[in-house]
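K.L.:
This is final-v2.cif, which holds mmCIF, C-alpha atoms:
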data_my_file
loop_
_atom_site.label_atom_id
_atom_site.label_comp_id
_atom_site.auth_asym_id
_atom_site.auth_seq_id
_atom_site.Cartn_x
_atom_site.Cartn_y
_atom_site.Cartn_z
CA MET A 1 19.76 -25.33 9.86
CA ALA A 2 18.21 -23.27 12.59
CA GLY A 3 14.53 -23.95 13.22
CA THR A 4 12.28 -21.15 14.32
CA ALA A 5 8.78 -19.80 13.88
CA LEU A 6 8.38 -16.05 13.89
CA ARG A 7 5.24 -14.01 13.61
CA GLY A 8 5.29 -10.98 11.35
CA GLY A 9 2.75 -8.27 10.78
CA LEU A 10 1.41 -9.92 7.67
CA THR A 11 -1.74 -11.87 8.47
CA TRP A 12 -4.38 -13.70 6.48
CA VAL A 13 -7.76 -12.02 6.40
CA VAL A 14 -10.99 -13.02 4.70
CA ALA A 15 -11.66 -10.88 1.64
CA THR A 16 -15.05 -10.61 -0.05
CA VAL A 17 -15.45 -10.20 -3.80
CA SER A 18 -17.33 -6.93 -4.29
CA SER A 19 -17.46 -7.02 -8.09
CA VAL A 20 -16.41 -9.13 -11.04
CA ILE A 21 -15.35 -7.55 -14.34
CA GLU A 22 -14.79 -9.69 -17.43
CA GLU A 23 -11.65 -8.38 -19.14
CA THR A 24 -10.97 -10.93 -21.88
CA PRO A 25 -12.37 -14.40 -22.65
CA SER A 26 -9.85 -15.82 -20.17
CA ALA A 27 -9.21 -13.07 -17.66
CA ARG A 28 -11.28 -11.19 -15.16
CA THR A 29 -10.84 -8.62 -12.47
CA LEU A 30 -12.05 -9.22 -8.94
CA GLU A 31 -12.52 -6.15 -6.79
CA LEU A 32 -12.02 -7.07 -3.17
CA ASP A 33 -13.34 -5.83 0.11
CA VAL A 34 -10.49 -6.53 2.54
CA PRO A 35 -11.17 -5.62 6.19
CA GLY A 36 -8.45 -3.36 7.57
CA TRP A 37 -6.75 -2.92 4.19
CA PRO A 38 -3.85 -0.54 4.93
CA GLY A 39 -3.53 0.76 1.37
CA HIS A 40 -0.95 -0.33 -1.17
CA LEU A 41 1.80 0.90 -3.47
CA ALA A 42 1.67 0.62 -7.25
CA GLY A 43 3.27 -2.69 -8.26
CA GLN A 44 2.64 -4.62 -5.06
CA HIS A 45 0.88 -7.98 -4.91
CA VAL A 46 -1.27 -10.06 -2.59
CA ASP A 47 -1.12 -13.71 -1.68
CA ILE A 48 -4.37 -15.61 -2.03
CA ARG A 49 -5.06 -18.83 -0.17
CA LEU A 50 -7.83 -21.24 -1.07
CA THR A 51 -8.75 -24.07 1.26
CA SER A 52 -10.77 -27.01 -0.01
CA GLU A 53 -13.30 -28.94 2.05
CA ASP A 54 -10.74 -31.62 2.86
CA GLY A 55 -8.33 -29.00 4.20
CA TYR A 56 -6.00 -28.93 1.18
CA ARG A 57 -4.57 -25.46 0.71
CA ALA A 58 -3.21 -23.72 -2.35
CA GLU A 59 -1.51 -20.32 -2.29
CA ARG A 60 -0.78 -17.98 -5.19
CA ALA A 61 0.52 -14.43 -5.59
CA TYR A 62 -1.46 -11.96 -7.71
CA SER A 63 -0.45 -8.43 -8.62
CA ILE A 64 -2.74 -5.65 -7.50
CA ALA A 65 -4.52 -4.13 -10.50
CA SER A 66 -5.84 -0.96 -8.88
CA ALA A 67 -4.03 2.25 -8.04
CA PRO A 68 -3.07 3.31 -4.53
CA GLY A 69 -6.14 4.91 -2.99
CA GLU A 70 -8.51 2.58 -4.82
CA ALA A 71 -9.94 -0.61 -3.35
CA PRO A 72 -7.67 -3.61 -3.94
CA ALA A 73 -8.40 -5.57 -7.09
CA ILE A 74 -6.69 -8.47 -8.81
CA THR A 75 -6.90 -9.59 -12.41
CA VAL A 76 -6.60 -13.32 -12.91
CA GLU A 77 -5.92 -15.11 -16.19
CA ARG A 78 -7.15 -18.65 -16.46
CA LEU A 79 -4.54 -21.34 -16.95
CA ASP A 80 -6.03 -24.56 -18.23
CA ASN A 81 -4.01 -26.82 -15.94
CA GLY A 82 -4.11 -24.37 -13.04
CA GLU A 83 -5.11 -25.22 -9.54
CA VAL A 84 -6.30 -21.81 -8.39
CA SER A 85 -6.98 -19.70 -11.48
CA PRO A 86 -9.93 -21.78 -12.81
CA TYR A 87 -11.76 -21.17 -9.55
CA LEU A 88 -11.02 -17.44 -9.57
CA THR A 89 -11.89 -16.98 -13.25
CA GLU A 90 -14.91 -19.25 -13.58
CA GLU A 91 -16.52 -20.12 -10.29
CA VAL A 92 -16.12 -17.21 -7.94
CA ARG A 93 -19.09 -14.83 -7.69
CA LYS A 94 -19.77 -11.46 -6.12
CA GLY A 95 -20.07 -12.00 -2.38
CA ASP A 96 -17.78 -15.04 -2.29
CA ALA A 97 -14.89 -14.94 0.14
CA PHE A 98 -11.36 -16.27 0.36
CA GLU A 99 -8.21 -15.55 2.34
CA VAL A 100 -5.85 -12.76 1.33
CA ARG A 101 -2.70 -11.30 2.84
CA GLY A 102 -0.93 -8.16 1.73
CA PRO A 103 0.01 -5.80 0.34
CA ILE A 104 3.38 -7.45 -0.34
CA GLY A 105 6.62 -6.24 -1.88
CA GLY A 106 8.92 -3.25 -1.65
CA TYR A 107 11.01 -3.78 -4.76
CA PHE A 108 8.72 -3.98 -7.77
CA VAL A 109 6.93 -0.77 -6.81
CA TRP A 110 6.71 2.70 -8.30
CA ARG A 111 6.23 5.89 -6.33
CA PRO A 112 5.89 9.26 -8.06
CA GLU A 113 9.19 10.36 -6.48
CA ASP A 114 10.92 7.47 -8.29
CA GLY A 115 10.43 9.51 -11.45
CA GLY A 116 11.11 8.19 -14.91
CA PRO A 117 10.90 8.24 -17.83
CA LEU A 118 9.03 5.00 -17.36
CA PHE A 119 9.42 2.11 -19.73
CA LEU A 120 6.95 -0.64 -18.85
CA ALA A 121 7.14 -4.00 -20.59
CA ALA A 122 4.48 -6.63 -19.96
CA GLY A 123 3.98 -10.15 -21.24
CA GLY A 124 0.37 -11.34 -21.02
CA SER A 125 -1.06 -10.74 -17.56
CA GLY A 126 2.20 -9.01 -16.62
CA VAL A 127 0.21 -5.92 -17.57
CA VAL A 128 -1.64 -6.04 -14.24
CA PRO A 129 0.92 -4.17 -12.09
CA MET A 130 1.52 -1.80 -15.02
CA ARG A 131 -2.11 -0.69 -14.88
CA SER A 132 -1.64 0.13 -11.22
CA ILE A 133 1.52 2.12 -12.01
CA LEU A 134 -0.07 4.00 -14.94
CA ARG A 135 -3.22 4.81 -13.01
CA HIS A 136 -1.12 6.01 -10.09
CA ARG A 137 0.96 8.17 -12.40
CA ARG A 138 -2.17 9.77 -13.76
CA ARG A 139 -3.97 10.17 -10.43
CA SER A 140 -0.89 11.64 -8.74
CA GLY A 141 -0.31 14.14 -11.54
CA SER A 142 3.20 12.84 -12.12
CA PRO A 143 4.85 14.63 -15.04
CA VAL A 144 7.07 11.70 -16.07
CA LYS A 145 6.49 10.25 -19.49
CA ALA A 146 5.63 6.58 -19.75
CA ARG A 147 5.66 4.07 -22.55
CA LEU A 148 4.07 0.63 -22.34
CA LEU A 149 5.10 -2.37 -24.42
CA LEU A 150 2.48 -5.13 -24.37
CA SER A 151 3.14 -8.61 -25.68
CA ALA A 152 0.10 -10.86 -26.05
CA ARG A 153 -0.84 -13.89 -28.08
CA THR A 154 -3.79 -12.24 -29.80
CA LEU A 155 -5.49 -8.84 -29.64
CA GLU A 156 -8.40 -10.47 -27.84
CA ASP A 157 -6.01 -11.52 -25.06
CA VAL A 158 -4.88 -7.96 -24.31
CA ILE A 159 -6.15 -7.10 -20.83
CA TYR A 160 -7.40 -3.50 -20.20
CA ARG A 161 -7.02 -2.71 -23.90
CA ALA A 162 -9.60 0.09 -23.92
CA GLU A 163 -8.21 1.74 -20.79
CA LEU A 164 -4.58 1.62 -21.83
CA GLU A 165 -4.88 2.51 -25.51
CA GLY A 166 -2.90 5.59 -26.48
CA PRO A 167 0.04 6.89 -28.44
CA ASP A 168 2.58 5.52 -25.99
CA VAL A 169 1.29 1.95 -26.00
CA VAL A 170 3.03 -0.48 -28.33
CA HIS A 171 1.53 -3.91 -29.02
CA THR A 172 3.16 -7.02 -30.30
CA LEU A 173 0.96 -10.01 -31.07
CA THR A 174 2.85 -13.27 -31.07
CA ARG A 175 0.30 -15.80 -32.27
CA GLU A 176 -2.49 -14.28 -34.33
CA ARG A 177 -3.12 -10.86 -35.82
CA PRO A 178 -6.36 -9.24 -36.96
CA PRO A 179 -6.58 -8.41 -40.69
CA GLY A 180 -4.64 -5.27 -41.55
CA TRP A 181 -2.60 -5.38 -38.31
CA SER A 182 0.16 -2.80 -38.48
CA GLY A 183 1.75 -3.40 -35.09
CA TYR A 184 4.53 -5.79 -34.22
CA ALA A 185 3.93 -9.47 -34.89
CA ARG A 186 6.68 -11.35 -33.08
CA ARG A 187 8.12 -12.13 -29.70
CA VAL A 188 10.02 -9.25 -28.18
CA ASP A 189 13.67 -9.18 -29.22
CA LEU A 190 16.56 -6.75 -29.06
CA ASP A 191 15.67 -5.00 -32.33
CA LEU A 192 12.11 -4.45 -31.19
CA LEU A 193 13.32 -3.02 -27.87
CA ARG A 194 15.75 -0.75 -29.67
CA GLU A 195 12.83 0.68 -31.64
CA VAL A 196 10.33 1.16 -28.82
CA ALA A 197 12.20 1.64 -25.52
CA TRP A 198 13.29 5.12 -24.39
CA PRO A 199 16.94 5.68 -25.30
CA ALA A 200 19.33 4.81 -22.46
CA ILE A 201 20.71 8.36 -22.53
CA GLU A 202 17.45 9.48 -20.86
CA ASN A 203 18.26 7.20 -17.89
CA PRO A 204 14.86 5.50 -17.98
CA LEU A 205 13.32 3.50 -15.16
CA ALA A 206 12.05 0.16 -16.47
CA TYR A 207 9.55 -2.31 -15.05
CA VAL A 208 9.32 -5.71 -16.69
CA CYS A 209 6.68 -8.27 -15.72
CA GLY A 210 5.59 -11.47 -17.37
CA PRO A 211 6.44 -15.13 -17.76
CA THR A 212 10.07 -15.91 -16.94
CA PRO A 213 11.32 -16.30 -20.56
CA PHE A 214 9.76 -12.94 -21.54
CA VAL A 215 11.32 -11.16 -18.57
CA GLU A 216 14.77 -12.64 -19.24
CA VAL A 217 14.76 -11.47 -22.85
CA VAL A 218 13.49 -7.97 -22.09
CA ALA A 219 15.68 -7.34 -19.05
CA ALA A 220 18.83 -8.56 -20.80
CA GLY A 221 17.89 -6.54 -23.89
CA LEU A 222 17.42 -3.32 -21.96
CA VAL A 223 20.77 -3.75 -20.21
CA ALA A 224 22.38 -4.46 -23.60
CA LEU A 225 20.88 -1.17 -24.81
CA GLY A 226 22.60 0.64 -21.97
CA TYR A 227 19.93 0.74 -19.26
CA ALA A 228 21.42 0.75 -15.75
CA LEU A 229 20.96 -2.69 -14.20
CA GLN A 230 19.55 -1.23 -10.99
CA ARG A 231 16.94 0.70 -13.00
CA VAL A 232 15.46 -2.43 -14.58
CA ARG A 233 13.05 -3.91 -12.05
CA THR A 234 11.67 -7.32 -12.86
CA GLU A 235 8.91 -9.64 -11.72
CA ARG A 236 8.48 -13.15 -13.09
CA PHE A 237 5.50 -15.40 -12.81
CA GLY A 238 4.92 -19.04 -13.60
CA GLY A 239 1.95 -21.25 -14.26
CA ALA A 240 -0.77 -22.76 -12.09
CA MET B 1 10.34 -25.75 -14.59
CA TYR B 2 11.12 -22.07 -15.00
CA ALA B 3 12.53 -20.23 -12.04
CA LEU B 4 10.43 -17.53 -10.48
CA ASP B 5 12.06 -14.67 -8.62
CA GLY B 6 12.16 -13.28 -5.11
CA ASN B 7 8.98 -11.26 -5.58
CA ALA B 8 7.07 -14.55 -5.57
CA ILE B 9 8.11 -15.32 -1.99
CA GLY B 10 7.66 -11.77 -0.71
CA GLY B 11 4.72 -12.86 1.44
CA MET B 12 6.57 -15.81 2.96
CA LEU B 13 9.65 -13.68 3.66
CA GLU B 14 7.58 -10.97 5.32
CA GLU B 15 5.79 -13.60 7.39
CA LEU B 16 9.15 -14.96 8.56
CA PHE B 17 11.14 -11.75 8.99
CA GLY B 18 8.40 -9.32 9.91
CA ARG B 19 9.08 -6.82 7.14
CA ASP B 20 9.50 -6.61 3.40
CA MET B 21 12.62 -8.45 2.29
CA THR B 22 12.25 -8.30 -1.50
CA ALA B 23 14.19 -5.03 -1.60
CA ALA B 24 16.82 -6.29 0.87
CA VAL B 25 20.25 -6.60 -0.73
CA GLY B 26 22.17 -9.84 -0.37
CA CYS B 27 25.71 -10.79 -1.29
CA CYS B 28 26.38 -14.23 -2.79
CA ALA B 29 29.00 -16.23 -0.85
CA GLY B 30 29.88 -18.03 -4.08
CA CYS B 31 30.65 -15.25 -6.54
CA GLY B 32 30.26 -12.01 -4.60
CA ALA B 33 27.35 -10.76 -6.73
CA ARG B 34 25.19 -8.29 -4.86
CA GLY B 35 21.55 -7.54 -5.53
CA PRO B 36 18.02 -7.35 -4.20
CA LEU B 37 16.39 -10.60 -3.16
CA ALA B 38 13.61 -9.85 -5.64
CA GLU B 39 16.08 -10.55 -8.45
CA CYS B 40 17.23 -13.96 -7.18
CA MET B 41 16.04 -17.16 -8.83
CA VAL B 42 13.36 -18.95 -6.83
CA TYR B 43 12.23 -22.56 -7.17
CA ARG B 44 9.20 -23.61 -5.23
CA GLY B 45 8.18 -26.84 -6.93
CA GLY B 46 9.82 -29.13 -4.37
CA PRO B 47 9.05 -29.74 -0.72
CA GLY B 48 10.53 -26.36 0.16
CA VAL B 49 11.64 -23.11 -1.40
CA VAL B 50 15.10 -22.77 -2.94
CA VAL B 51 16.70 -19.41 -3.73
CA ARG B 52 19.71 -19.28 -6.05
CA CYS B 53 22.13 -16.61 -7.25
CA ARG B 54 21.16 -15.29 -10.68
CA VAL B 55 24.83 -15.01 -11.67
CA CYS B 56 26.45 -18.28 -10.49
CA GLN B 57 23.49 -20.44 -9.32
CA THR B 58 24.90 -20.83 -5.79
CA LEU B 59 22.26 -21.95 -3.31
CA LEU B 60 21.67 -18.76 -1.30
CA MET B 61 18.73 -19.73 0.89
CA ALA B 62 16.42 -22.65 1.52
CA PHE B 63 13.15 -22.74 3.44
CA VAL B 64 11.32 -25.87 4.50
CA ARG B 65 8.09 -25.79 6.47
CA VAL B 66 7.27 -28.78 8.65
CA ARG B 67 3.91 -28.31 10.35
CA GLU B 68 4.27 -24.87 11.93
CA ILE B 69 8.06 -24.88 12.08
CA VAL B 70 10.05 -23.27 9.27
CA CYS B 71 13.68 -24.30 8.83
CA ILE B 72 15.72 -21.52 7.26
CA ASP B 73 19.17 -21.99 5.73
CA LEU B 74 20.89 -18.75 4.75
CA GLY B 75 24.30 -20.34 4.25
CA GLY B 76 24.84 -19.01 0.73
CA LEU B 77 24.61 -15.36 1.72
CA SER B 78 27.82 -13.74 2.91
CA GLU B 79 26.08 -10.49 3.76
CA TRP B 80 22.54 -9.29 4.00
CA GLU B 81 21.47 -5.68 4.32
CA PRO B 82 17.89 -4.96 5.25
CA ALA B 83 15.80 -3.00 2.80
CA PRO B 84 15.59 0.73 3.34
CA ALA B 85 12.57 1.53 5.49
CA ALA B 86 9.46 1.86 3.33
#
Please render this file's structure as structure tokens.

P.N.:
Amino acid sequence: MAGTALRGGLTWVVATVSSVIEETPSARTLELDVPGWPGHLAGQHVDIRLTSEDGYRAERAYSIASAPGEAPAITVERLDNGEVSPYLTEEVRKGDAFEVRGPIGGYFVWRPEDGGPLFLAAGGSGVVPMRSILRHRRRSGSPVKARLLLSARTLEDVIYRAELEGPDVVHTLTRERPPGWSGYARRVDLDLLREVAWPAIENPLAYVCGPTPFVEVVAAGLVALGYALQRVRTERFGGA
Amino acid sequence: MYALDGNAIGGMLEELFGRDMTAAVGCCAGCGARGPLAECMVYRGGPGVVVRCRVCQTLLMAFVRVREIVCIDLGGLSEWEPAPAA
């Protein structure tokens, strides 16, 4: 093993929460004022570092929820046994500050010149980078068509539901459905993907984000349906 | 513990290498599979970070931070092409 310490261009800066938006009973969006923010690409994330009074530090990565050209924002879903998310979803207030570095990532990003058609599949808070991509598509006037598959436990858990609602948004609710629900009511599987994903013949560009088991099923399913492996971009997240 | 992927360590990699590495393409010394680091399996529950090949599970990279020194083992990569300039 070679030991070394190198210094890159990525540095921690203190970000201030400029607004707090409640999205669902367990998720909220924090708009951030980050000094010297260089701008970001759709799909990128930031690292957030919290330091407790005794010096203990915890770091987490959060996808950027806003489009390029907008102020950076993150949407955080509370995990009951989490170390960082309870603070960000319950305690933090407008004007509070914490350390941020970013934007980060050059793989799970979409630029208008990447084209489409876009097939976006999100499990739970995996919808966060998809909002950035869809907003960017709209703001940039991109002509590519886009379809969004959203898997959530209940309708109440669907983040940005009002903003994203439209003919090319497909919901599946895995735990509980409202009365009269006519959408899908199961975990995503190959048959569901066959019904909702753009046909492979159109050479779609897919972005898949969510908990690891969700991403594995969707990515493998899309490849089984004929999607080119290098056109299925994935991002997995875990707990805490 | 579920594996994460290379996106999750994008910040650490950029801190260490000075540029985005999630889109960099690596070649597994075990099975020859080639792909972006973002698609590798990442385990960060232990004292360091372990990166494995998604195809054959070969240990591609390991990172351990001791105070301000980071030990980097890239022994499982036979080739590594930097990402195209952003």

K.L.:
Under the PyMOL selection byres ((chain B) within 10 of (chain A)), which residues of this model are included? Write them out as an NGL selection string.

P.N.:
:B and (1-24 or 35-39 or 41-42 or 62-66 or 68-75 or 83-86)

K.L.:
At a cut-off of 10 Å, using all atoms listed in the file, what residues contact Gly36 (chain A)? Leave out same-chain residues fewer than 3 positions from it and give the result as a PyMOL selection string.

P.N.:
chain A and resi 13+33+39

K.L.:
Quick one, how far is CA of Val170 (chain A) from CA of Pro72 (chain A)?

P.N.:
26.8 Å

K.L.:
Report as a PyMOL selection string all protein, DNA and RNA residues lying within 8 Å of Val128 (chain A), evaluated on only C-alpha atoms, omitting residues in the same chain fewer than 4 positions from it.

P.N.:
chain A and resi 63-65+74-75+132

K.L.:
Once the PyMOL selection byres ((chain B and resi 76) around 12) is applied to the coordinates I shared, what remains selected? I want it as a CSV table (one decimal) with C-alpha atoms, keeping the file's coordinate frame.

P.N.:
chain,number,residue,atom,x,y,z
B,26,GLY,CA,22.2,-9.8,-0.4
B,27,CYS,CA,25.7,-10.8,-1.3
B,28,CYS,CA,26.4,-14.2,-2.8
B,29,ALA,CA,29.0,-16.2,-0.8
B,30,GLY,CA,29.9,-18.0,-4.1
B,31,CYS,CA,30.6,-15.2,-6.5
B,32,GLY,CA,30.3,-12.0,-4.6
B,33,ALA,CA,27.4,-10.8,-6.7
B,50,VAL,CA,15.1,-22.8,-2.9
B,51,VAL,CA,16.7,-19.4,-3.7
B,52,ARG,CA,19.7,-19.3,-6.0
B,53,CYS,CA,22.1,-16.6,-7.2
B,56,CYS,CA,26.4,-18.3,-10.5
B,57,GLN,CA,23.5,-20.4,-9.3
B,58,THR,CA,24.9,-20.8,-5.8
B,59,LEU,CA,22.3,-22.0,-3.3
B,60,LEU,CA,21.7,-18.8,-1.3
B,61,MET,CA,18.7,-19.7,0.9
B,62,ALA,CA,16.4,-22.6,1.5
B,72,ILE,CA,15.7,-21.5,7.3
B,73,ASP,CA,19.2,-22.0,5.7
B,74,LEU,CA,20.9,-18.8,4.8
B,75,GLY,CA,24.3,-20.3,4.2
B,77,LEU,CA,24.6,-15.4,1.7
B,78,SER,CA,27.8,-13.7,2.9
B,79,GLU,CA,26.1,-10.5,3.8
B,80,TRP,CA,22.5,-9.3,4.0

K.L.:
Determine the residue set returned by the PyMOL selection byres ((chain A and resi 115) around 12) for the present structure, and present it as a count of residues only.

P.N.:
25

K.L.:
So which residues touch region 191-201 of chain A within 8 Å, counting all atoms listed in the file, skipping near sequence neighbours fewer than 5 positions away, as a PDB file with C-alpha atoms, keeping the file's coordinate frame?

P.N.:
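And here is the file that came out, out_9.pdb:
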ATOM      1  CA  PRO A 117      10.900   8.240 -17.830  1.00  0.00           C
ATOM      2  CA  PHE A 119       9.420   2.110 -19.730  1.00  0.00           C
ATOM      3  CA  ARG A 147       5.660   4.070 -22.550  1.00  0.00           C
ATOM      4  CA  LEU A 149       5.100  -2.370 -24.420  1.00  0.00           C
ATOM      5  CA  VAL A 170       3.030  -0.480 -28.330  1.00  0.00           C
ATOM      6  CA  VAL A 218      13.490  -7.970 -22.090  1.00  0.00           C
ATOM      7  CA  GLY A 221      17.890  -6.540 -23.890  1.00  0.00           C
ATOM      8  CA  LEU A 222      17.420  -3.320 -21.960  1.00  0.00           C
ATOM      9  CA  LEU A 225      20.880  -1.170 -24.810  1.00  0.00           C
ATOM     10  CA  GLY A 226      22.600   0.640 -21.970  1.00  0.00           C
ATOM     11  CA  TYR A 227      19.930   0.740 -19.260  1.00  0.00           C
TER      12      TYR A 227
END

K.L.:
From the structure block, carefully write region 110-190 of chain A out with C-alpha atoms; format it as a PDB file, in the first residue's frame.

P.N.:
ATOM      1  CA  TRP A 110     -27.731  14.233 -17.725  1.00  0.00           C
ATOM      2  CA  ARG A 111     -26.921  17.026 -20.134  1.00  0.00           C
ATOM      3  CA  PRO A 112     -29.342  18.046 -22.895  1.00  0.00           C
ATOM      4  CA  GLU A 113     -26.811  16.864 -25.496  1.00  0.00           C
ATOM      5  CA  ASP A 114     -27.013  13.355 -23.993  1.00  0.00           C
ATOM      6  CA  GLY A 115     -30.458  13.171 -25.574  1.00  0.00           C
ATOM      7  CA  GLY A 116     -32.914  10.394 -24.915  1.00  0.00           C
ATOM      8  CA  PRO A 117     -35.579   9.182 -24.942  1.00  0.00           C
ATOM      9  CA  LEU A 118     -35.227   9.273 -21.190  1.00  0.00           C
ATOM     10  CA  PHE A 119     -36.504   6.490 -19.003  1.00  0.00           C
ATOM     11  CA  LEU A 120     -36.156   7.458 -15.347  1.00  0.00           C
ATOM     12  CA  ALA A 121     -36.855   4.909 -12.631  1.00  0.00           C
ATOM     13  CA  ALA A 122     -36.840   5.943  -8.981  1.00  0.00           C
ATOM     14  CA  GLY A 123     -37.379   4.045  -5.760  1.00  0.00           C
ATOM     15  CA  GLY A 124     -38.442   6.276  -2.862  1.00  0.00           C
ATOM     16  CA  SER A 125     -36.141   9.263  -2.516  1.00  0.00           C
ATOM     17  CA  GLY A 126     -34.332   8.105  -5.663  1.00  0.00           C
ATOM     18  CA  VAL A 127     -36.694  10.591  -7.293  1.00  0.00           C
ATOM     19  CA  VAL A 128     -34.525  13.494  -6.118  1.00  0.00           C
ATOM     20  CA  PRO A 129     -31.973  13.498  -8.977  1.00  0.00           C
ATOM     21  CA  MET A 130     -34.822  12.769 -11.404  1.00  0.00           C
ATOM     22  CA  ARG A 131     -36.479  16.045 -10.459  1.00  0.00           C
ATOM     23  CA  SER A 132     -33.245  17.833 -11.292  1.00  0.00           C
ATOM     24  CA  ILE A 133     -33.057  16.050 -14.656  1.00  0.00           C
ATOM     25  CA  LEU A 134     -36.722  16.714 -15.525  1.00  0.00           C
ATOM     26  CA  ARG A 135     -36.535  20.356 -14.512  1.00  0.00           C
ATOM     27  CA  HIS A 136     -33.352  20.756 -16.537  1.00  0.00           C
ATOM     28  CA  ARG A 137     -34.985  19.123 -19.537  1.00  0.00           C
ATOM     29  CA  ARG A 138     -37.864  21.552 -19.319  1.00  0.00           C
ATOM     30  CA  ARG A 139     -35.780  24.659 -18.616  1.00  0.00           C
ATOM     31  CA  SER A 140     -33.332  23.874 -21.418  1.00  0.00           C
ATOM     32  CA  GLY A 141     -36.108  23.286 -23.942  1.00  0.00           C
ATOM     33  CA  SER A 142     -34.840  19.791 -24.686  1.00  0.00           C
ATOM     34  CA  PRO A 143     -37.107  18.012 -27.161  1.00  0.00           C
ATOM     35  CA  VAL A 144     -36.421  14.497 -25.850  1.00  0.00           C
ATOM     36  CA  LYS A 145     -39.354  12.618 -24.420  1.00  0.00           C
ATOM     37  CA  ALA A 146     -39.119  11.398 -20.847  1.00  0.00           C
ATOM     38  CA  ARG A 147     -41.007   8.863 -18.809  1.00  0.00           C
ATOM     39  CA  LEU A 148     -40.723   8.529 -15.037  1.00  0.00           C
ATOM     40  CA  LEU A 149     -41.441   5.362 -13.083  1.00  0.00           C
ATOM     41  CA  LEU A 150     -41.888   6.026  -9.366  1.00  0.00           C
ATOM     42  CA  SER A 151     -41.986   3.279  -6.775  1.00  0.00           C
ATOM     43  CA  ALA A 152     -43.089   4.304  -3.295  1.00  0.00           C
ATOM     44  CA  ARG A 153     -44.593   2.608  -0.282  1.00  0.00           C
ATOM     45  CA  THR A 154     -47.714   4.757  -0.206  1.00  0.00           C
ATOM     46  CA  LEU A 155     -49.053   7.692  -2.227  1.00  0.00           C
ATOM     47  CA  GLU A 156     -48.328   9.951   0.737  1.00  0.00           C
ATOM     48  CA  ASP A 157     -44.648   8.996   0.478  1.00  0.00           C
ATOM     49  CA  VAL A 158     -44.305  10.194  -3.122  1.00  0.00           C
ATOM     50  CA  ILE A 159     -41.982  13.203  -3.079  1.00  0.00           C
ATOM     51  CA  TYR A 160     -42.755  16.127  -5.480  1.00  0.00           C
ATOM     52  CA  ARG A 161     -46.024  14.455  -6.472  1.00  0.00           C
ATOM     53  CA  ALA A 162     -47.760  17.674  -7.526  1.00  0.00           C
ATOM     54  CA  GLU A 163     -44.786  18.912  -9.551  1.00  0.00           C
ATOM     55  CA  LEU A 164     -44.145  15.663 -11.375  1.00  0.00           C
ATOM     56  CA  GLU A 165     -47.708  14.550 -12.094  1.00  0.00           C
ATOM     57  CA  GLY A 166     -48.410  14.065 -15.786  1.00  0.00           C
ATOM     58  CA  PRO A 167     -49.184  11.560 -18.490  1.00  0.00           C
ATOM     59  CA  ASP A 168     -45.650  10.199 -18.563  1.00  0.00           C
ATOM     60  CA  VAL A 169     -45.408   9.472 -14.846  1.00  0.00           C
ATOM     61  CA  VAL A 170     -46.174   5.930 -13.748  1.00  0.00           C
ATOM     62  CA  HIS A 171     -46.646   5.096 -10.066  1.00  0.00           C
ATOM     63  CA  THR A 172     -46.388   1.814  -8.302  1.00  0.00           C
ATOM     64  CA  LEU A 173     -47.319   1.672  -4.629  1.00  0.00           C
ATOM     65  CA  THR A 174     -45.797  -1.263  -2.821  1.00  0.00           C
ATOM     66  CA  ARG A 175     -47.361  -1.133   0.625  1.00  0.00           C
ATOM     67  CA  GLU A 176     -50.689   0.668   0.702  1.00  0.00           C
ATOM     68  CA  ARG A 177     -53.030   2.042  -1.929  1.00  0.00           C
ATOM     69  CA  PRO A 178     -55.760   4.666  -1.662  1.00  0.00           C
ATOM     70  CA  PRO A 179     -59.314   3.441  -2.386  1.00  0.00           C
ATOM     71  CA  GLY A 180     -59.953   3.065  -6.099  1.00  0.00           C
ATOM     72  CA  TRP A 181     -56.224   3.044  -6.962  1.00  0.00           C
ATOM     73  CA  SER A 182     -55.780   2.129 -10.602  1.00  0.00           C
ATOM     74  CA  GLY A 183     -51.996   2.281 -10.811  1.00  0.00           C
ATOM     75  CA  TYR A 184     -49.525  -0.496 -10.184  1.00  0.00           C
ATOM     76  CA  ALA A 185     -49.549  -2.097  -6.759  1.00  0.00           C
ATOM     77  CA  ARG A 186     -46.382  -4.164  -6.518  1.00  0.00           C
ATOM     78  CA  ARG A 187     -42.622  -3.988  -6.497  1.00  0.00           C
ATOM     79  CA  VAL A 188     -41.130  -3.321  -9.896  1.00  0.00           C
ATOM     80  CA  ASP A 189     -40.523  -6.500 -11.886  1.00  0.00           C
ATOM     81  CA  LEU A 190     -39.703  -7.424 -15.457  1.00  0.00           C
TER      82      LEU A 190
END
